[in-house]
$ cat my_file.txt   # compact mmCIF, C-alpha atoms
# COMPACT_ATOMS: atom_id res chain seq x y z
CA MET A 1 97.98 71.48 83.38
CA LYS A 2 94.75 73.47 83.22
CA ILE A 3 95.46 77.21 82.96
CA MET A 4 92.62 79.70 83.35
CA HIS A 5 93.24 83.15 81.85
CA ILE A 6 91.27 86.23 82.93
CA VAL A 7 90.43 89.21 80.72
CA GLY A 8 88.05 91.94 81.75
CA ALA A 9 89.08 95.37 80.49
CA ARG A 10 90.83 96.72 77.42
CA PRO A 11 94.37 96.69 78.93
CA ASN A 12 94.15 92.94 79.62
CA PHE A 13 93.78 91.70 76.06
CA PRO A 14 97.25 92.51 74.64
CA LYS A 15 98.80 91.02 77.78
CA VAL A 16 96.91 87.73 77.69
CA ALA A 17 96.85 87.13 73.92
CA PRO A 18 100.58 86.34 73.47
CA ILE A 19 100.61 84.03 76.50
CA MET A 20 97.68 82.04 75.15
CA ALA A 21 99.33 81.85 71.73
CA GLU A 22 102.58 80.60 73.24
CA MET A 23 100.88 78.00 75.42
CA ALA A 24 98.85 76.82 72.42
CA LYS A 25 102.15 75.67 70.90
CA ARG A 26 102.41 73.10 73.71
CA PRO A 27 99.05 71.31 73.78
CA ASP A 28 100.64 68.30 75.44
CA ARG A 29 101.45 70.44 78.47
CA PHE A 30 98.67 73.04 78.70
CA HIS A 31 94.87 73.00 78.57
CA GLN A 32 93.65 76.61 78.45
CA VAL A 33 90.38 78.19 79.58
CA LEU A 34 89.58 81.85 78.84
CA VAL A 35 87.24 83.81 81.11
CA HIS A 36 85.96 87.27 80.10
CA THR A 37 84.45 89.09 83.06
CA GLY A 38 82.71 91.69 80.88
CA GLN A 39 84.17 94.65 82.80
CA HIS A 40 84.56 96.30 79.38
CA TYR A 41 81.85 95.29 76.93
CA ASP A 42 81.76 98.00 74.22
CA TYR A 43 82.87 96.69 70.79
CA ASN A 44 85.97 98.90 70.53
CA MET A 45 86.84 98.26 74.17
CA SER A 46 86.43 94.49 74.06
CA GLN A 47 85.19 92.47 71.07
CA VAL A 48 87.53 94.08 68.56
CA PHE A 49 90.50 92.68 70.49
CA PHE A 50 89.39 89.09 69.95
CA GLU A 51 89.32 89.81 66.23
CA HIS A 52 92.54 91.83 65.92
CA LEU A 53 94.66 89.75 68.29
CA ASP A 54 93.47 86.35 67.02
CA MET A 55 92.21 85.39 70.47
CA PRO A 56 89.81 82.48 70.86
CA ALA A 57 86.25 83.16 71.96
CA PRO A 58 85.89 83.11 75.76
CA ASP A 59 84.92 79.82 77.33
CA GLU A 60 83.07 81.76 80.03
CA TYR A 61 81.55 85.25 79.86
CA LEU A 62 80.51 86.75 83.21
CA ASN A 63 78.75 89.85 81.83
CA VAL A 64 79.35 92.00 84.93
CA GLY A 65 79.20 95.38 83.15
CA SER A 66 79.73 98.76 84.76
CA GLY A 67 79.37 99.87 88.37
CA SER A 68 81.24 101.45 91.24
CA HIS A 69 84.57 99.90 92.17
CA ALA A 70 82.99 98.05 95.09
CA ALA A 71 79.97 96.87 93.13
CA GLN A 72 81.99 95.78 90.10
CA THR A 73 84.57 93.93 92.18
CA ALA A 74 81.82 92.17 94.12
CA MET A 75 79.95 91.21 90.96
CA VAL A 76 83.08 89.70 89.42
CA MET A 77 83.79 87.72 92.58
CA THR A 78 80.25 86.40 92.83
CA ALA A 79 80.14 85.38 89.16
CA PHE A 80 83.67 83.98 89.06
CA GLU A 81 83.54 81.67 92.07
CA PRO A 82 81.25 79.03 90.47
CA VAL A 83 83.36 79.14 87.30
CA VAL A 84 86.46 78.21 89.28
CA LEU A 85 84.62 75.48 91.14
CA ASN A 86 83.30 74.07 87.88
CA HIS A 87 86.57 74.09 85.93
CA ARG A 88 88.97 73.46 88.82
CA PRO A 89 92.06 74.95 87.13
CA ASN A 90 95.59 74.18 88.29
CA TRP A 91 96.55 77.84 87.90
CA VAL A 92 94.70 81.10 87.25
CA LEU A 93 96.60 83.83 85.40
CA VAL A 94 95.52 87.41 86.07
CA ALA A 95 97.08 90.39 84.32
CA GLY A 96 97.54 94.06 85.10
CA ASP A 97 95.65 96.06 87.68
CA VAL A 98 91.97 96.36 86.78
CA ASN A 99 89.12 95.43 89.13
CA SER A 100 88.75 92.01 87.48
CA THR A 101 92.41 91.27 88.29
CA LEU A 102 91.92 91.80 92.01
CA ALA A 103 88.47 90.20 92.17
CA CYS A 104 89.54 86.96 90.51
CA ALA A 105 92.74 86.77 92.55
CA LEU A 106 90.73 87.13 95.77
CA VAL A 107 88.34 84.35 94.78
CA CYS A 108 91.25 82.03 94.03
CA ALA A 109 92.96 82.86 97.32
CA LYS A 110 89.78 81.91 99.22
CA LEU A 111 89.47 78.66 97.23
CA HIS A 112 93.20 77.82 97.52
CA VAL A 113 93.71 77.90 93.75
CA PRO A 114 97.23 79.11 92.81
CA VAL A 115 97.39 82.54 91.14
CA ALA A 116 100.03 83.92 88.77
CA HIS A 117 100.14 87.70 88.31
CA VAL A 118 101.38 88.97 84.96
CA GLU A 119 102.79 92.51 85.15
CA ALA A 120 103.50 92.31 88.87
CA GLY A 121 105.45 94.74 91.01
CA LEU A 122 104.54 98.05 89.38
CA ARG A 123 104.05 100.85 91.92
CA SER A 124 103.00 104.51 91.66
CA ARG A 125 102.96 104.81 95.47
CA ASP A 126 99.72 106.75 95.11
CA ARG A 127 97.01 105.00 97.12
CA THR A 128 94.34 107.35 95.71
CA MET A 129 94.57 105.36 92.46
CA PRO A 130 92.23 102.33 92.47
CA GLU A 131 94.73 100.53 90.26
CA GLU A 132 97.45 100.89 92.90
CA ILE A 133 95.29 99.14 95.48
CA ASN A 134 94.53 96.39 92.94
CA ARG A 135 98.23 95.93 92.19
CA VAL A 136 99.41 95.83 95.80
CA VAL A 137 96.74 93.42 97.03
CA THR A 138 97.01 91.10 94.02
CA ASP A 139 100.78 90.84 94.46
CA GLN A 140 100.39 89.98 98.15
CA ILE A 141 98.07 87.05 97.48
CA ALA A 142 99.60 85.77 94.22
CA ASP A 143 101.75 82.64 94.28
CA LEU A 144 103.78 83.46 91.18
CA LEU A 145 104.75 86.97 90.07
CA PHE A 146 105.96 87.92 86.59
CA THR A 147 107.57 91.37 86.48
CA PRO A 148 108.03 93.48 83.33
CA SER A 149 111.06 95.42 84.63
CA LYS A 150 113.70 95.23 87.35
CA ASP A 151 112.09 97.98 89.41
CA GLY A 152 109.03 95.72 89.71
CA THR A 153 111.18 92.92 91.09
CA GLU A 154 112.83 95.31 93.55
CA ASN A 155 109.45 96.58 94.74
CA LEU A 156 108.21 93.07 95.46
CA ILE A 157 111.32 92.06 97.39
CA ARG A 158 111.07 95.28 99.40
CA GLU A 159 107.48 94.34 100.27
CA GLY A 160 108.51 90.94 101.59
CA ILE A 161 107.71 88.71 98.61
CA GLY A 162 110.01 85.69 98.44
CA PRO A 163 112.51 85.94 95.54
CA ASN A 164 111.74 82.37 94.43
CA SER A 165 108.18 83.46 93.56
CA ILE A 166 109.35 86.33 91.33
CA HIS A 167 110.39 86.05 87.69
CA HIS A 168 111.61 89.01 85.64
CA VAL A 169 110.26 88.08 82.21
CA GLY A 170 109.93 91.41 80.41
CA ASN A 171 106.91 93.28 79.10
CA VAL A 172 104.29 90.99 77.57
CA MET A 173 102.42 93.95 76.02
CA ILE A 174 105.46 94.53 73.84
CA ASP A 175 105.08 90.96 72.54
CA THR A 176 101.71 91.95 71.09
CA LEU A 177 103.06 95.22 69.72
CA VAL A 178 105.97 93.50 67.97
CA LYS A 179 103.66 90.92 66.43
CA MET A 180 100.95 93.34 65.36
CA LEU A 181 102.91 96.40 64.22
CA PRO A 182 103.51 95.15 60.64
CA LYS A 183 99.80 94.44 60.26
CA ALA A 184 98.90 97.81 61.79
CA LEU A 185 101.13 99.69 59.37
CA GLN A 186 99.21 98.21 56.42
CA ARG A 187 96.00 99.90 57.54
CA SER A 188 94.68 103.12 56.00
CA THR A 189 93.94 104.77 59.33
CA LEU A 190 95.95 107.94 58.69
CA ASP A 191 94.55 108.39 55.17
CA ASP A 192 91.02 107.82 56.43
CA LEU A 193 91.48 110.62 58.97
CA GLY A 194 93.37 112.90 56.56
CA LEU A 195 96.55 112.90 58.66
CA GLU A 196 100.27 112.95 57.84
CA GLN A 197 103.02 111.08 59.66
CA ARG A 198 104.59 113.01 62.55
CA LYS A 199 102.23 115.93 61.99
CA TYR A 200 99.55 115.33 64.61
CA VAL A 201 99.11 114.80 68.34
CA LEU A 202 97.30 111.71 69.65
CA VAL A 203 95.42 111.98 72.96
CA THR A 204 93.96 109.28 75.19
CA LEU A 205 92.62 110.06 78.67
CA HIS A 206 90.35 108.08 80.97
CA ARG A 207 91.52 108.24 84.59
CA PRO A 208 89.08 109.72 87.13
CA SER A 209 91.69 112.25 88.26
CA ASN A 210 91.52 113.78 84.78
CA THR A 211 87.87 113.20 83.87
CA ASP A 212 85.80 113.44 87.05
CA ASP A 213 86.80 116.97 88.07
CA ALA A 214 85.03 119.36 85.69
CA ASN A 215 87.68 122.07 86.09
CA VAL A 216 90.55 119.68 85.38
CA LEU A 217 88.82 118.21 82.33
CA ARG A 218 87.93 121.65 81.02
CA GLY A 219 91.56 122.75 81.31
CA ILE A 220 92.75 119.65 79.44
CA ILE A 221 90.26 120.12 76.60
CA GLU A 222 91.12 123.83 76.32
CA ALA A 223 94.83 122.94 76.23
CA MET A 224 94.25 120.39 73.47
CA ALA A 225 92.29 123.01 71.53
CA GLU A 226 95.19 125.45 71.90
CA ILE A 227 97.73 122.83 70.83
CA SER A 228 95.58 122.06 67.80
CA ARG A 229 96.26 125.58 66.50
CA THR A 230 99.79 124.30 65.77
CA MET A 231 98.99 120.80 64.52
CA PRO A 232 95.92 118.54 64.44
CA VAL A 233 94.99 116.86 67.72
CA VAL A 234 93.09 113.58 67.52
CA PHE A 235 91.34 112.40 70.68
CA PRO A 236 89.69 108.94 70.56
CA VAL A 237 87.31 109.40 73.47
CA HIS A 238 86.73 106.69 76.06
CA PRO A 239 82.95 106.30 76.63
CA ARG A 240 83.30 107.44 80.22
CA THR A 241 85.25 110.54 79.21
CA CYS A 242 82.80 111.31 76.42
CA SER A 243 79.93 111.60 78.88
CA ARG A 244 82.00 113.91 81.07
CA ILE A 245 82.84 116.20 78.14
CA ARG A 246 79.18 116.41 77.17
CA ASP A 247 78.37 117.47 80.73
CA LEU A 248 80.71 120.45 80.37
CA ASN A 249 78.64 121.98 77.51
CA MET A 250 81.82 123.51 76.13
CA GLU A 251 81.93 125.62 72.99
CA LEU A 252 85.27 124.80 71.43
CA PRO A 253 86.91 127.28 69.04
CA ASN A 254 87.21 126.39 65.37
CA THR A 255 90.49 124.45 65.63
CA THR A 256 91.81 121.08 64.48
CA LEU A 257 90.91 119.30 67.71
CA ARG A 258 88.99 116.19 66.68
CA LEU A 259 87.07 114.01 69.12
CA ILE A 260 86.45 110.60 67.58
CA GLU A 261 85.10 107.19 68.63
CA PRO A 262 87.48 104.79 70.45
CA LEU A 263 89.83 102.99 68.08
CA GLY A 264 90.52 99.29 67.88
CA TYR A 265 93.96 98.01 68.81
CA LEU A 266 95.45 98.02 65.29
CA ASP A 267 94.17 101.47 64.37
CA PHE A 268 95.35 102.93 67.66
CA LEU A 269 98.76 101.30 67.23
CA THR A 270 99.02 102.84 63.75
CA MET A 271 98.10 106.27 65.13
CA MET A 272 100.51 105.97 68.05
CA ASN A 273 103.43 104.85 65.89
CA SER A 274 103.06 107.79 63.51
CA ALA A 275 102.26 110.60 65.99
CA ALA A 276 104.50 113.56 66.62
CA LEU A 277 103.49 113.40 70.27
CA VAL A 278 101.15 111.35 72.46
CA VAL A 279 99.32 112.81 75.47
CA THR A 280 97.97 110.13 77.81
CA ASP A 281 97.24 108.98 81.33
CA SER A 282 97.43 105.29 80.36
CA GLY A 283 100.15 103.04 81.73
CA GLY A 284 100.21 100.84 78.65
CA VAL A 285 100.59 103.78 76.28
CA GLN A 286 103.60 104.97 78.28
CA GLU A 287 105.20 101.59 77.64
CA GLU A 288 104.25 101.35 73.97
CA THR A 289 105.49 104.84 73.12
CA THR A 290 108.76 104.04 74.90
CA PHE A 291 109.25 100.99 72.67
CA LEU A 292 108.25 102.94 69.55
CA GLY A 293 110.45 105.94 70.40
CA VAL A 294 107.50 108.36 70.24
CA PRO A 295 107.54 111.35 72.65
CA CYS A 296 104.88 110.98 75.35
CA LEU A 297 103.41 113.42 77.87
CA THR A 298 101.70 111.64 80.77
CA ALA A 299 99.10 113.86 82.40
CA ARG A 300 99.59 112.53 85.91
CA PRO A 301 101.65 113.48 88.98
CA ASN A 302 103.24 110.01 89.13
CA THR A 303 103.67 106.77 87.23
CA GLU A 304 103.91 103.11 88.17
CA ARG A 305 106.20 102.73 85.16
CA PRO A 306 109.21 104.95 86.03
CA ILE A 307 111.36 103.00 83.58
CA THR A 308 109.48 104.76 80.75
CA ILE A 309 110.99 108.01 82.04
CA SER A 310 114.49 106.85 82.98
CA GLU A 311 114.97 104.70 79.86
CA GLY A 312 112.12 105.71 77.58
CA THR A 313 110.40 108.67 75.97
CA ASN A 314 107.93 109.57 78.70
CA GLN A 315 107.58 112.81 80.68
CA LEU A 316 105.17 113.56 83.51
CA VAL A 317 103.19 116.80 83.24
CA ASP A 318 100.54 118.39 85.41
CA SER A 319 96.99 118.21 84.01
CA ARG A 320 96.70 122.00 83.84
CA TYR A 321 96.21 124.13 80.76
CA GLU A 322 99.47 126.06 81.17
CA ASP A 323 101.61 123.00 81.88
CA LEU A 324 100.23 120.96 78.98
CA VAL A 325 100.68 123.77 76.46
CA GLU A 326 104.19 124.54 77.74
CA ALA A 327 105.24 120.88 77.60
CA PHE A 328 103.90 120.60 74.06
CA ASN A 329 105.83 123.69 72.95
CA GLU A 330 108.99 122.31 74.54
CA SER A 331 108.54 119.04 72.66
CA LEU A 332 108.56 120.99 69.38
CA ASP A 333 111.95 122.52 70.27
CA GLN A 334 113.62 119.09 70.25
CA GLU A 335 114.80 119.22 66.65
CA HIS A 336 116.42 115.80 66.78
CA PHE A 337 114.51 113.77 69.32
CA THR A 338 116.53 110.68 70.20
CA PRO A 339 114.84 108.00 72.29
CA ARG A 340 116.82 106.30 75.04
CA ARG A 341 117.53 102.58 74.98
CA ARG A 342 114.65 100.14 75.22
CA PRO A 343 114.25 98.55 78.65
CA GLU A 344 115.74 95.14 79.27
CA LEU A 345 113.72 92.16 77.98
CA TRP A 346 111.23 94.36 76.10
CA ASP A 347 111.97 92.22 73.08
CA GLY A 348 108.76 90.41 72.17
CA GLN A 349 109.68 87.21 74.03
CA ALA A 350 108.07 87.74 77.46
CA ALA A 351 105.23 85.28 76.81
CA ARG A 352 107.73 82.56 75.94
CA ARG A 353 109.55 83.16 79.24
CA ILE A 354 106.26 83.02 81.17
CA THR A 355 105.31 79.79 79.44
CA ASP A 356 108.72 78.26 80.18
CA VAL A 357 108.27 79.02 83.89
CA MET A 358 104.74 77.55 83.93
CA ARG A 359 105.89 74.47 81.99
CA ASP A 360 108.46 73.62 84.65
CA LEU A 361 106.11 73.90 87.64
$ encode --input "my_file.txt" --output "structure tokens"
Amino acid sequence: MKIMHIVGARPNFPKVAPIMAEMAKRPDRFHQVLVHTGQHYDYNMSQVFFEHLDMPAPDEYLNVGSGSHAAQTAMVMTAFEPVVLNHRPNWVLVAGDVNSTLACALVCAKLHVPVAHVEAGLRSRDRTMPEEINRVVTDQIADLLFTPSKDGTENLIREGIGPNSIHHVGNVMIDTLVKMLPKALQRSTLDDLGLEQRKYVLVTLHRPSNTDDANVLRGIIEAMAEISRTMPVVFPVHPRTCSRIRDLNMELPNTTLRLIEPLGYLDFLTMMNSAALVVTDSGGVQEETTFLGVPCLTARPNTERPITISEGTNQLVDSRYEDLVEAFNESLDQEHFTPRRRPELWDGQAARRITDVMRDL
């Protein structure tokens, strides 16, 4: 069976890597092809993942680069169609909710090539998020849907997806975390940055709702500067966010707020595991902090991963100066922070379950 895997942006890599590794154990059953759309192309946003996650080099690189949502989606579709026609895969596996996910799924639907969606069923119910549109449309045209949590399965059934197409397999990102955490903890990341365990805040922000509005971004940066008066705040800055911050021409006070280059997967995992608190707008970070038991403030009005709140360590907070500072201060008052139970099937075996389903098709 020829399986074509799609990666395009940073969140895809830790989802696809464990599936490819698991299928590689069964060469008599699976022939794998890896396609990189090039949606993310910076070293720390792309190439470093092939090195850190032991992924093979892509068989096809589409080199689409940046652009508006419409332009990027169209470029992926145009470049991907001949790749599908050339390789003629039995199945195409798309992961997550980035533009490459939707674009490749659409091409396959037009060419009548079966699509499997890894991380299906997640819903924020906020149609202003481009990712929500990508998720909803991909799930409607996919033939096989792998959900990371029971709420994802319930969402799909509510939307009319046949139960026989849905498989609750657990969170494949946690597979990568479980495998890579021992290696990450051997790195000297904290020493290199002069940090101590549980005595710093880690920040990662990239969503347009937080970075495109100058007033919102200014409030977030000022809040991080205020928080850094209590403990160091380390902010690996997404290239897109970096350009927005430069546009603000802000003069930050002399605090311990540190803006640094984006980190590779292992270094970021080390930083996340040892942080006192993580501030994010990333879906994956909400999941990873839940597994690690690290308190997380998500600077968004909603989340497509509500299980990280009901069973994890996540809390939603408004992206305003006052709310962020108040939430940080409240997190310090929790003298004995006790994480809730880990969600069902977040055990490092999701890729094996996916592979078992694909094997029996």
$ residues_around --input "my_file.txt" --residues "Gln315 in chain A" --least-positions-apart "6" --cutoff "10 Å" --atoms "all atoms listed in the file" --output "list of chain:residue names"
A:Val279, A:Gln286, A:Pro295, A:Cys296, A:Leu297, A:Thr298, A:Ala299, A:Arg300, A:Asn302, A:Thr303, A:Pro306, A:Thr308, A:Ile309, A:Ala327
$ closest_residue --input "my_file.txt" --among "A:Leu195, A:Leu292, A:Val169, A:Ala223" --to "Asp318 in chain A" --atoms "all atoms listed in the file"
A:Ala223
$ residues_around --input "my_file.txt" --residues "range 260-273 of chain A" --least-positions-apart "5" --cutoff "9 Å" --atoms "all atoms listed in the file" --output "VMD selection string"
chain A and resid 14 43 to 46 48 to 49 52 to 53 177 180 to 181 183 to 190 197 to 198 201 to 202 234 to 239 278 285 288 to 289 292 to 294
$ atom_distance --input "my_file.txt" --atom1 "CA of Val137 in chain A" --atom2 "CA of Arg342 in chain A"
29.0 Å
$ residues_around --input "my_file.txt" --residues "Glu326 in chain A" --least-positions-apart "3" --cutoff "12 Å" --atoms "only C-alpha atoms" --output "mmCIF file with C-alpha atoms, keeping the file's coordinate frame"
data_model
loop_
_atom_site.group_PDB
_atom_site.id
_atom_site.type_symbol
_atom_site.label_atom_id
_atom_site.label_comp_id
_atom_site.auth_asym_id
_atom_site.auth_seq_id
_atom_site.Cartn_x
_atom_site.Cartn_y
_atom_site.Cartn_z
ATOM 1 C CA ALA A 223 94.830 122.940 76.230
ATOM 2 C CA MET A 224 94.250 120.390 73.470
ATOM 3 C CA GLU A 226 95.190 125.450 71.900
ATOM 4 C CA ILE A 227 97.730 122.830 70.830
ATOM 5 C CA LEU A 297 103.410 113.420 77.870
ATOM 6 C CA VAL A 317 103.190 116.800 83.240
ATOM 7 C CA ASP A 318 100.540 118.390 85.410
ATOM 8 C CA SER A 319 96.990 118.210 84.010
ATOM 9 C CA ARG A 320 96.700 122.000 83.840
ATOM 10 C CA TYR A 321 96.210 124.130 80.760
ATOM 11 C CA GLU A 322 99.470 126.060 81.170
ATOM 12 C CA ASP A 323 101.610 123.000 81.880
ATOM 13 C CA ASN A 329 105.830 123.690 72.950
ATOM 14 C CA GLU A 330 108.990 122.310 74.540
ATOM 15 C CA SER A 331 108.540 119.040 72.660
ATOM 16 C CA LEU A 332 108.560 120.990 69.380
ATOM 17 C CA ASP A 333 111.950 122.520 70.270
#
$ closest_residue --input "my_file.txt" --among "A:Met1, A:Ser209, A:Ala120, A:Asn12" --to "Pro27 in chain A" --atoms "all atoms listed in the file"
A:Met1
$ closest_residue --input "my_file.txt" --among "A:Ala350, A:Ile221, A:Leu316, A:Ile161" --to "Leu205 in chain A" --atoms "all atoms listed in the file"
A:Ile221
$ atom_distance --input "my_file.txt" --atom1 "CA of Asn210 in chain A" --atom2 "CA of Leu324 in chain A"
12.7 Å
$ closest_residue --input "my_file.txt" --among "A:Gly67, A:Phe30, A:Leu345, A:Cys104" --to "Val84 in chain A" --atoms "all atoms listed in the file"
A:Cys104
$ closest_residue --input "my_file.txt" --among "A:Lys199, A:Arg123, A:His168, A:Arg229" --to "Ala275 in chain A" --atoms "all atoms listed in the file"
A:Lys199
$ closest_residue --input "my_file.txt" --among "A:Thr73, A:Ser100, A:Thr147, A:Asn155" --to "His117 in chain A" --atoms "only C-alpha atoms"
A:Thr147
$ atom_distance --input "my_file.txt" --atom1 "CA of Gly152 in chain A" --atom2 "CA of Val76 in chain A"
26.6 Å
$ residues_near_point --input "my_file.txt" --point "(76.4, 92.3, 80.2)" --cutoff "9 Å" --atoms "all atoms listed in the file" --output "count of residues only"
9
$ residues_around --input "my_file.txt" --residues "Lys150 in chain A" --least-positions-apart "5" --cutoff "12 Å" --atoms "only C-alpha atoms" --output "PyMOL selection string"
chain A and resi 119-122+155-157+166-171+305-307+343-346
$ residues_near_point --input "my_file.txt" --point "(106.2, 84.7, 72.4)" --cutoff "12 Å" --atoms "only C-alpha atoms" --output "PDB file with C-alpha atoms, in the frame of the given file"
ATOM      1  CA  LYS A  15      98.800  91.020  77.780  1.00  0.00           C
ATOM      2  CA  VAL A  16      96.910  87.730  77.690  1.00  0.00           C
ATOM      3  CA  ALA A  17      96.850  87.130  73.920  1.00  0.00           C
ATOM      4  CA  PRO A  18     100.580  86.340  73.470  1.00  0.00           C
ATOM      5  CA  ILE A  19     100.610  84.030  76.500  1.00  0.00           C
ATOM      6  CA  MET A  20      97.680  82.040  75.150  1.00  0.00           C
ATOM      7  CA  ALA A  21      99.330  81.850  71.730  1.00  0.00           C
ATOM      8  CA  GLU A  22     102.580  80.600  73.240  1.00  0.00           C
ATOM      9  CA  MET A  23     100.880  78.000  75.420  1.00  0.00           C
ATOM     10  CA  ALA A  24      98.850  76.820  72.420  1.00  0.00           C
ATOM     11  CA  LYS A  25     102.150  75.670  70.900  1.00  0.00           C
ATOM     12  CA  VAL A 169     110.260  88.080  82.210  1.00  0.00           C
ATOM     13  CA  GLY A 170     109.930  91.410  80.410  1.00  0.00           C
ATOM     14  CA  ASN A 171     106.910  93.280  79.100  1.00  0.00           C
ATOM     15  CA  VAL A 172     104.290  90.990  77.570  1.00  0.00           C
ATOM     16  CA  MET A 173     102.420  93.950  76.020  1.00  0.00           C
ATOM     17  CA  ILE A 174     105.460  94.530  73.840  1.00  0.00           C
ATOM     18  CA  ASP A 175     105.080  90.960  72.540  1.00  0.00           C
ATOM     19  CA  THR A 176     101.710  91.950  71.090  1.00  0.00           C
ATOM     20  CA  LEU A 177     103.060  95.220  69.720  1.00  0.00           C
ATOM     21  CA  VAL A 178     105.970  93.500  67.970  1.00  0.00           C
ATOM     22  CA  LYS A 179     103.660  90.920  66.430  1.00  0.00           C
ATOM     23  CA  LEU A 345     113.720  92.160  77.980  1.00  0.00           C
ATOM     24  CA  TRP A 346     111.230  94.360  76.100  1.00  0.00           C
ATOM     25  CA  ASP A 347     111.970  92.220  73.080  1.00  0.00           C
ATOM     26  CA  GLY A 348     108.760  90.410  72.170  1.00  0.00           C
ATOM     27  CA  GLN A 349     109.680  87.210  74.030  1.00  0.00           C
ATOM     28  CA  ALA A 350     108.070  87.740  77.460  1.00  0.00           C
ATOM     29  CA  ALA A 351     105.230  85.280  76.810  1.00  0.00           C
ATOM     30  CA  ARG A 352     107.730  82.560  75.940  1.00  0.00           C
ATOM     31  CA  ARG A 353     109.550  83.160  79.240  1.00  0.00           C
ATOM     32  CA  ILE A 354     106.260  83.020  81.170  1.00  0.00           C
ATOM     33  CA  THR A 355     105.310  79.790  79.440  1.00  0.00           C
ATOM     34  CA  ASP A 356     108.720  78.260  80.180  1.00  0.00           C
TER      35      ASP A 356
END
$ build_atoms --input "my_file.txt" --residues "range 58-74 of chain A" --atoms "N, CA and C atoms" --output "PDB file, in the frame of the given file"
ATOM      1  N   PRO A  58      85.822  83.502  74.349  1.00  0.00           N
ATOM      2  CA  PRO A  58      85.890  83.110  75.760  1.00  0.00           C
ATOM      3  C   PRO A  58      85.111  81.815  76.016  1.00  0.00           C
ATOM      4  N   ASP A  59      85.636  81.006  76.890  1.00  0.00           N
ATOM      5  CA  ASP A  59      84.920  79.820  77.330  1.00  0.00           C
ATOM      6  C   ASP A  59      83.813  80.189  78.324  1.00  0.00           C
ATOM      7  N   GLU A  60      84.047  81.270  79.058  1.00  0.00           N
ATOM      8  CA  GLU A  60      83.070  81.760  80.030  1.00  0.00           C
ATOM      9  C   GLU A  60      82.988  83.274  79.915  1.00  0.00           C
ATOM     10  N   TYR A  61      81.769  83.802  79.904  1.00  0.00           N
ATOM     11  CA  TYR A  61      81.550  85.250  79.860  1.00  0.00           C
ATOM     12  C   TYR A  61      80.683  85.625  81.056  1.00  0.00           C
ATOM     13  N   LEU A  62      81.202  86.460  81.954  1.00  0.00           N
ATOM     14  CA  LEU A  62      80.510  86.750  83.210  1.00  0.00           C
ATOM     15  C   LEU A  62      79.546  87.917  83.122  1.00  0.00           C
ATOM     16  N   ASN A  63      79.730  88.784  82.120  1.00  0.00           N
ATOM     17  CA  ASN A  63      78.750  89.850  81.830  1.00  0.00           C
ATOM     18  C   ASN A  63      78.491  90.757  83.042  1.00  0.00           C
ATOM     19  N   VAL A  64      79.556  91.191  83.726  1.00  0.00           N
ATOM     20  CA  VAL A  64      79.350  92.000  84.930  1.00  0.00           C
ATOM     21  C   VAL A  64      79.010  93.460  84.620  1.00  0.00           C
ATOM     22  N   GLY A  65      79.537  94.005  83.522  1.00  0.00           N
ATOM     23  CA  GLY A  65      79.200  95.380  83.150  1.00  0.00           C
ATOM     24  C   GLY A  65      79.804  96.424  84.065  1.00  0.00           C
ATOM     25  N   SER A  66      79.202  97.622  84.026  1.00  0.00           N
ATOM     26  CA  SER A  66      79.730  98.760  84.760  1.00  0.00           C
ATOM     27  C   SER A  66      79.221  98.770  86.198  1.00  0.00           C
ATOM     28  N   GLY A  67      79.774  99.705  86.983  1.00  0.00           N
ATOM     29  CA  GLY A  67      79.370  99.870  88.370  1.00  0.00           C
ATOM     30  C   GLY A  67      80.467 100.554  89.149  1.00  0.00           C
ATOM     31  N   SER A  68      80.203 100.885  90.385  1.00  0.00           N
ATOM     32  CA  SER A  68      81.240 101.450  91.240  1.00  0.00           C
ATOM     33  C   SER A  68      82.338 100.414  91.439  1.00  0.00           C
ATOM     34  N   HIS A  69      83.481 100.844  91.956  1.00  0.00           N
ATOM     35  CA  HIS A  69      84.570  99.900  92.170  1.00  0.00           C
ATOM     36  C   HIS A  69      84.136  98.753  93.084  1.00  0.00           C
ATOM     37  N   ALA A  70      83.439  99.084  94.153  1.00  0.00           N
ATOM     38  CA  ALA A  70      82.990  98.050  95.090  1.00  0.00           C
ATOM     39  C   ALA A  70      81.992  97.111  94.433  1.00  0.00           C
ATOM     40  N   ALA A  71      81.010  97.691  93.745  1.00  0.00           N
ATOM     41  CA  ALA A  71      79.970  96.870  93.130  1.00  0.00           C
ATOM     42  C   ALA A  71      80.550  95.985  92.030  1.00  0.00           C
ATOM     43  N   GLN A  72      81.421  96.560  91.194  1.00  0.00           N
ATOM     44  CA  GLN A  72      81.990  95.780  90.100  1.00  0.00           C
ATOM     45  C   GLN A  72      82.876  94.658  90.607  1.00  0.00           C
ATOM     46  N   THR A  73      83.707  94.950  91.603  1.00  0.00           N
ATOM     47  CA  THR A  73      84.570  93.930  92.180  1.00  0.00           C
ATOM     48  C   THR A  73      83.745  92.804  92.791  1.00  0.00           C
ATOM     49  N   ALA A  74      82.686  93.179  93.491  1.00  0.00           N
ATOM     50  CA  ALA A  74      81.820  92.170  94.120  1.00  0.00           C
ATOM     51  C   ALA A  74      81.107  91.324  93.075  1.00  0.00           C
TER      52      ALA A  74
END
